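Structure data follow from final29.txt (compact mmCIF, C-alpha atoms):
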# COMPACT_ATOMS: atom_id res chain seq x y z
CA VAL A 207 0.00 0.00 0.00
CA SER A 208 1.00 3.65 -0.32
CA GLY A 209 1.59 5.92 2.64
CA PHE A 210 3.95 8.10 4.63
CA ILE A 211 6.30 6.33 7.03
CA THR A 212 5.44 7.32 10.60
CA LYS A 213 7.72 4.95 12.53
CA VAL A 214 10.91 2.99 11.91
CA TYR A 215 11.34 0.26 14.53
CA VAL A 216 14.77 -1.13 13.53
CA THR A 217 18.28 -0.04 12.58
CA GLU A 218 20.81 -1.38 10.08
CA GLY A 219 22.49 -4.59 11.17
CA GLN A 220 19.86 -5.40 13.79
CA SER A 221 18.81 -9.02 14.23
CA VAL A 222 15.07 -9.51 13.86
CA LYS A 223 12.65 -12.40 14.09
CA ALA A 224 9.98 -13.39 11.59
CA GLY A 225 6.85 -11.30 12.15
CA GLN A 226 8.67 -8.50 14.00
CA PRO A 227 7.49 -4.99 12.98
CA LEU A 228 9.98 -3.04 10.89
CA PHE A 229 8.04 0.04 9.69
CA HIS A 230 4.67 1.65 10.22
CA LEU A 231 2.81 3.70 7.61
CA ASP A 232 0.17 6.36 8.16
CA ASP A 233 -3.02 4.29 8.45
CA VAL A 234 -5.76 6.95 8.93
CA THR A 235 -7.17 6.42 5.43
CA TYR A 236 -7.09 2.64 5.75
CA ARG A 237 -8.78 2.68 9.17
CA ALA A 238 -11.51 4.84 7.68
CA ALA A 239 -11.87 2.33 4.84
CA VAL A 240 -12.33 -0.47 7.39
CA SER A 241 -14.98 1.54 9.23
CA GLN A 242 -16.77 2.27 5.96
CA ALA A 243 -16.64 -1.40 4.92
CA THR A 244 -17.96 -2.44 8.34
CA ALA A 245 -20.89 -0.02 8.04
CA SER A 246 -21.63 -1.25 4.51
CA LEU A 247 -21.70 -4.82 5.76
CA SER A 248 -24.10 -3.89 8.56
CA ALA A 249 -26.41 -2.17 6.05
CA ALA A 250 -26.25 -5.19 3.71
CA GLN A 251 -27.05 -7.56 6.57
CA ALA A 252 -30.03 -5.40 7.58
CA SER A 253 -31.31 -5.47 4.00
CA LEU A 254 -30.85 -9.23 3.97
CA ALA A 255 -32.90 -9.61 7.16
CA THR A 256 -35.70 -7.56 5.58
CA ALA A 257 -35.53 -9.63 2.38
CA GLN A 258 -35.72 -12.86 4.38
CA LEU A 259 -38.79 -11.56 6.24
CA ASN A 260 -40.48 -10.56 2.99
CA GLN A 261 -39.69 -13.96 1.52
CA ARG A 262 -41.28 -15.81 4.45
CA ASN A 263 -44.38 -13.61 4.34
CA SER A 264 -44.69 -14.02 0.58
CA GLN A 265 -44.39 -17.77 0.95
CA ASP A 266 -47.41 -17.78 3.32
CA LEU A 267 -49.37 -15.50 1.00
CA LEU A 268 -48.58 -17.70 -1.96
CA ALA A 269 -49.80 -20.77 -0.09
CA LYS A 270 -53.13 -18.96 0.45
CA ASN A 271 -53.27 -17.82 -3.21
CA ILE A 272 -53.21 -14.17 -2.15
CA ILE A 273 -50.24 -13.31 -4.40
CA SER A 274 -49.18 -14.72 -7.74
CA GLN A 275 -46.20 -16.95 -8.44
CA SER A 276 -44.46 -14.14 -10.28
CA ASN A 277 -44.76 -11.84 -7.25
CA TYR A 278 -43.27 -14.54 -5.05
CA GLU A 279 -40.36 -15.04 -7.48
CA GLU A 280 -39.66 -11.30 -7.42
CA VAL A 281 -39.40 -11.43 -3.63
CA SER A 282 -37.15 -14.51 -3.86
CA ASN A 283 -34.89 -12.78 -6.36
CA ALA A 284 -34.67 -9.78 -4.04
CA LEU A 285 -33.53 -12.16 -1.29
CA LYS A 286 -30.81 -13.60 -3.53
CA SER A 287 -29.68 -10.08 -4.41
CA ALA A 288 -29.50 -9.19 -0.71
CA GLU A 289 -27.42 -12.31 -0.02
CA ALA A 290 -25.04 -11.35 -2.84
CA ASN A 291 -24.73 -7.82 -1.44
CA VAL A 292 -23.74 -9.26 1.94
CA ALA A 293 -21.08 -11.42 0.28
CA VAL A 294 -19.71 -8.37 -1.59
CA ALA A 295 -19.67 -6.32 1.63
CA LYS A 296 -17.82 -9.10 3.48
CA ALA A 297 -15.20 -9.28 0.72
CA ALA A 298 -14.76 -5.50 0.82
CA LEU A 299 -14.26 -5.64 4.58
CA VAL A 300 -11.65 -8.39 4.23
CA SER A 301 -9.81 -6.34 1.61
CA ALA A 302 -9.93 -3.19 3.76
CA ARG A 303 -8.59 -5.04 6.80
CA GLU A 304 -5.85 -6.58 4.65
CA ASN A 305 -4.77 -3.16 3.38
CA LEU A 306 -4.77 -1.86 6.95
CA SER A 307 -2.53 -4.73 8.04
CA TYR A 308 -0.01 -3.77 5.33
CA CYS A 309 0.53 -0.45 7.11
CA THR A 310 2.60 -2.38 9.65
CA VAL A 311 5.49 -3.84 7.64
CA THR A 312 6.82 -6.98 9.34
CA SER A 313 9.85 -9.12 8.63
CA PRO A 314 9.01 -12.22 6.56
CA VAL A 315 12.01 -14.14 7.91
CA SER A 316 14.40 -14.12 10.85
CA GLY A 317 17.70 -12.50 9.97
CA VAL A 318 19.72 -9.30 9.82
CA VAL A 319 18.39 -5.95 8.59
CA GLY A 320 20.28 -4.41 5.70
CA SER A 321 20.31 -0.78 4.56
CA ILE A 322 17.19 1.21 5.41
CA ASN A 323 16.33 3.14 2.25
CA TYR A 324 13.47 5.27 3.62
CA ARG A 325 12.97 7.21 6.85
CA VAL A 326 10.12 8.81 8.78
CA GLY A 327 8.21 11.20 6.54
CA ASN A 328 9.08 9.50 3.25
CA LEU A 329 6.22 8.53 0.96
CA VAL A 330 6.43 4.91 -0.19
CA SER A 331 4.27 2.87 -2.53
CA PRO A 332 4.32 -0.39 -4.52
CA GLN A 333 5.98 1.63 -7.31
CA SER A 334 8.92 2.75 -5.14
CA ALA A 335 12.26 2.16 -6.83
CA SER A 336 13.88 0.52 -3.79
CA PRO A 337 12.51 -1.78 -1.08
CA LEU A 338 12.14 -0.39 2.44
CA THR A 339 14.98 -2.68 3.49
CA GLN A 340 16.30 -6.19 2.93
CA VAL A 341 16.36 -8.84 5.64
CA SER A 342 18.88 -11.64 5.11
CA ASN A 343 18.19 -15.04 6.63
CA THR A 344 21.43 -15.92 8.41
CA ARG A 345 20.56 -19.40 9.63
CA GLN A 346 21.56 -20.94 6.32
CA ALA A 347 23.98 -19.44 3.81
CA TYR A 348 23.81 -20.18 0.09
CA VAL A 349 27.16 -19.95 -1.69
CA TYR A 350 27.24 -20.02 -5.49
CA PHE A 351 30.25 -20.93 -7.60
CA SER A 352 30.93 -22.12 -11.14
CA VAL A 353 32.97 -24.91 -12.65
CA SER A 354 33.71 -25.84 -16.25
CA GLU A 355 31.80 -28.63 -17.92
CA ARG A 356 34.92 -30.80 -17.85
CA GLU A 357 35.47 -30.17 -14.13
CA MET A 358 31.83 -31.01 -13.51
CA GLN A 359 32.23 -34.38 -15.18
CA THR A 360 35.24 -35.05 -12.93
CA LEU A 361 33.29 -34.10 -9.82
CA VAL A 362 30.22 -36.14 -10.64
CA GLY A 363 32.12 -39.28 -11.60
CA ASP A 364 29.73 -42.21 -11.66
CA GLY A 365 27.01 -40.23 -9.82
CA THR A 366 24.24 -38.27 -11.49
CA THR A 367 22.83 -36.11 -8.69
CA ALA A 368 24.05 -33.36 -6.36
CA LYS A 369 23.98 -35.85 -3.48
CA SER A 370 26.86 -37.74 -5.07
CA LEU A 371 29.11 -34.66 -4.99
CA PRO A 372 31.69 -34.32 -2.20
CA LYS A 373 31.53 -31.98 0.79
CA VAL A 374 33.29 -28.67 0.19
CA ARG A 375 34.90 -26.02 2.38
CA LEU A 376 35.00 -22.25 2.13
CA ARG A 377 37.98 -19.91 2.38
CA LEU A 378 36.87 -16.44 3.44
CA SER A 379 38.12 -13.16 2.02
CA ASP A 380 40.57 -12.72 4.93
CA GLY A 381 42.24 -16.05 4.14
CA SER A 382 40.72 -17.96 7.05
CA GLU A 383 38.78 -21.14 6.47
CA TYR A 384 35.14 -21.40 7.48
CA PRO A 385 34.87 -24.05 10.23
CA ALA A 386 31.87 -25.94 8.85
CA GLU A 387 31.66 -28.00 5.67
CA GLY A 388 29.11 -27.23 3.00
CA THR A 389 26.85 -29.52 1.02
CA ILE A 390 26.25 -29.06 -2.69
CA GLN A 391 22.46 -28.97 -2.94
CA GLY A 392 21.83 -27.52 -6.37
CA VAL A 393 23.35 -27.88 -9.81
CA SER A 394 22.25 -25.73 -12.73
CA GLY A 395 20.73 -27.73 -15.55
CA VAL A 396 21.99 -25.25 -18.16
CA VAL A 397 25.58 -24.70 -19.33
CA ASP A 398 26.44 -21.06 -19.95
CA LYS A 399 27.04 -20.79 -23.71
CA THR A 400 29.48 -17.90 -23.39
CA THR A 401 31.71 -19.34 -20.64
CA GLY A 402 30.96 -23.07 -20.73
CA ALA A 403 30.47 -22.97 -16.96
CA ILE A 404 27.92 -24.66 -14.71
CA THR A 405 26.65 -22.93 -11.56
CA LEU A 406 26.41 -24.89 -8.30
CA ARG A 407 24.88 -23.94 -4.96
CA VAL A 408 26.43 -24.92 -1.63
CA ASP A 409 24.52 -24.75 1.67
CA PHE A 410 26.58 -23.81 4.72
CA PRO A 411 25.19 -23.77 8.28
CA ASN A 412 25.44 -20.22 9.57
CA ALA A 413 23.94 -20.16 13.06
CA GLU A 414 26.47 -17.58 14.28
CA GLY A 415 25.85 -15.27 11.31
CA LYS A 416 29.49 -15.15 10.24
CA LEU A 417 28.52 -15.38 6.57
CA ARG A 418 26.59 -12.39 5.26
CA SER A 419 24.64 -11.74 2.11
CA GLY A 420 26.89 -10.49 -0.70
CA SER A 421 30.15 -11.76 0.79
CA VAL A 422 32.78 -13.42 -1.41
CA GLY A 423 35.19 -16.28 -0.83
CA THR A 424 36.81 -19.30 -2.43
CA VAL A 425 35.11 -22.69 -2.55
CA LEU A 426 37.54 -25.54 -1.88
CA VAL A 427 36.49 -28.72 -3.67
CA PRO A 428 38.39 -31.89 -2.77
CA THR A 429 39.87 -33.75 -5.74
CA GLN A 430 41.92 -36.91 -6.20
CA THR A 431 44.87 -37.00 -8.60
CA ALA A 432 46.76 -40.19 -9.41
CA GLY A 433 50.40 -40.35 -10.59
CA ALA A 434 51.21 -36.74 -9.67
CA ILE A 435 54.40 -35.27 -8.26
CA LEU A 436 53.93 -33.03 -5.24
CA VAL A 437 55.81 -29.75 -5.49
CA PRO A 438 55.76 -26.98 -2.85
CA GLN A 439 53.82 -24.00 -4.16
CA SER A 440 56.66 -21.69 -3.12
CA ALA A 441 58.88 -23.46 -5.68
CA THR A 442 56.60 -22.66 -8.61
CA VAL A 443 56.17 -19.64 -10.86
CA GLU A 444 52.82 -18.72 -12.43
CA LEU A 445 52.71 -17.05 -15.85
CA LEU A 446 49.60 -16.58 -17.98
CA HIS A 447 47.57 -18.91 -15.74
CA LYS A 448 50.18 -21.66 -16.10
CA LYS A 449 52.49 -22.90 -13.38
CA PHE A 450 56.20 -23.55 -14.05
CA VAL A 451 58.79 -25.24 -11.87
CA TYR A 452 62.59 -25.44 -11.97
CA THR A 453 64.19 -28.88 -12.01
CA VAL A 454 67.77 -29.88 -11.16
CA ASP A 455 69.54 -32.11 -13.70
CA LYS A 456 72.30 -34.65 -13.03
CA ASP A 457 74.95 -31.92 -13.31
CA GLY A 458 73.25 -29.84 -10.62
CA LYS A 459 72.00 -27.22 -13.05
CA LEU A 460 68.55 -25.62 -12.92
CA THR A 461 66.29 -26.20 -15.89
CA PHE A 462 63.06 -24.24 -16.41

Would it be possible to restate this file's structure as structure tokens?
Amino acid sequence: VSGFITKVYVTEGQSVKAGQPLFHLDDVTYRAAVSQATASLSAAQASLATAQLNQRNSQDLLAKNIISQSNYEEVSNALKSAEANVAVAKAALVSARENLSYCTVTSPVSGVVGSINYRVGNLVSPQSASPLTQVSNTRQAYVYFSVSEREMQTLVGDGTTAKSLPKVRLRLSDGSEYPAEGTIQGVSGVVDKTTGAITLRVDFPNAEGKLRSGSVGTVLVPTQTAGAILVPQSATVELLHKKFVYTVDKDGKLTF
């Protein structure tokens, strides 16, 4: 609904629970609409009671042949119209109460409040360019990363579902490793035509809220390599995305 913000109950970075009020909009117009819809329903119910009374009286008169069948049908149709008017009035009251409830904006999930884009006195509406705020659910963190089609085939192996993929770990932007392992729960069914990459989603438990929406890191996927020679990374040189290493020949000379 549209309205001026009259109260802001939260601040940026605050933890909130599902259903907790975040904002309140000016609700004078919507309360008046509820009162009007309530009065309309009362009037429709009164008209229905009158129509029911007329229908019962007409039924007795018809039984005594005092009125014609057509007169009785007119009274019966008036009763149906009154019943329909009551139904319309009830629906209008439900709609008015629903609009009034929207004046108190509550959090749909438990999480952390992001940036608050509007303050007290601002006019907001369904056409507003930005949301009032964004609440991030911190109980579970979704981490997205991409692999090439060839790497995906190596990961899947003989399996065909995400459940067959190994557990992964996450290295944070500061170089530390996230303590909990993540489970690959989703695999995109479409290969990006421009990059040849497949997007995967990893679910990490995040009860302490250490992972936040929009953060970046490095997903560590365990792999097995047979017949490889282990070389310390400090002894390698990387050029153009390729790694080179010096070797020592039988004469004790370095060869690149």

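Ranking A:Val222, A:Ile211, A:Leu426, A:Leu371 by their shortest atom-to-atom distance to Val341 in chain A, with all atoms listed in the file included, puts A:Val222 first.
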
Residues within 8 Å of Ile390 in chain A, all atoms listed in the file, excluding chain neighbours under 3 positions, as a PyMOL selection string
chain A and resi 368-369+371-374+393+406-409

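Between CA of Met358 in chain A and CA of Lys449 in chain A lies a distance of 22.2 Å.
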
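Picture a line from CA of Leu329 in chain A to CA of Leu299 in chain A; it runs 25.2 Å.
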
Let me make sure I understand: among A:Thr405, A:Glu218, A:His447, A:Thr424, which one has the smallest atom-to-atom distance to Gly381 in chain A if we use all atoms listed in the file?
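Among the listed residues, the smallest separation from Gly381 in chain A belongs to A:Thr424.
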
Take the point (7.7, -8.2, 11.1) as written in the file and pick out every residue within 12 Å of it, counting all atoms listed in the file; give the list as a PDB file with C-alpha atoms, keeping the file's coordinate frame.
ATOM      1  CA  VAL A 214      10.910   2.990  11.910  1.00  0.00           C
ATOM      2  CA  TYR A 215      11.340   0.260  14.530  1.00  0.00           C
ATOM      3  CA  VAL A 216      14.770  -1.130  13.530  1.00  0.00           C
ATOM      4  CA  SER A 221      18.810  -9.020  14.230  1.00  0.00           C
ATOM      5  CA  VAL A 222      15.070  -9.510  13.860  1.00  0.00           C
ATOM      6  CA  LYS A 223      12.650 -12.400  14.090  1.00  0.00           C
ATOM      7  CA  ALA A 224       9.980 -13.390  11.590  1.00  0.00           C
ATOM      8  CA  GLY A 225       6.850 -11.300  12.150  1.00  0.00           C
ATOM      9  CA  GLN A 226       8.670  -8.500  14.000  1.00  0.00           C
ATOM     10  CA  PRO A 227       7.490  -4.990  12.980  1.00  0.00           C
ATOM     11  CA  LEU A 228       9.980  -3.040  10.890  1.00  0.00           C
ATOM     12  CA  PHE A 229       8.040   0.040   9.690  1.00  0.00           C
ATOM     13  CA  HIS A 230       4.670   1.650  10.220  1.00  0.00           C
ATOM     14  CA  SER A 307      -2.530  -4.730   8.040  1.00  0.00           C
ATOM     15  CA  TYR A 308      -0.010  -3.770   5.330  1.00  0.00           C
ATOM     16  CA  CYS A 309       0.530  -0.450   7.110  1.00  0.00           C
ATOM     17  CA  THR A 310       2.600  -2.380   9.650  1.00  0.00           C
ATOM     18  CA  VAL A 311       5.490  -3.840   7.640  1.00  0.00           C
ATOM     19  CA  THR A 312       6.820  -6.980   9.340  1.00  0.00           C
ATOM     20  CA  SER A 313       9.850  -9.120   8.630  1.00  0.00           C
ATOM     21  CA  PRO A 314       9.010 -12.220   6.560  1.00  0.00           C
ATOM     22  CA  VAL A 315      12.010 -14.140   7.910  1.00  0.00           C
ATOM     23  CA  SER A 316      14.400 -14.120  10.850  1.00  0.00           C
ATOM     24  CA  GLY A 317      17.700 -12.500   9.970  1.00  0.00           C
ATOM     25  CA  VAL A 319      18.390  -5.950   8.590  1.00  0.00           C
ATOM     26  CA  THR A 339      14.980  -2.680   3.490  1.00  0.00           C
ATOM     27  CA  VAL A 341      16.360  -8.840   5.640  1.00  0.00           C
TER      28      VAL A 341
END
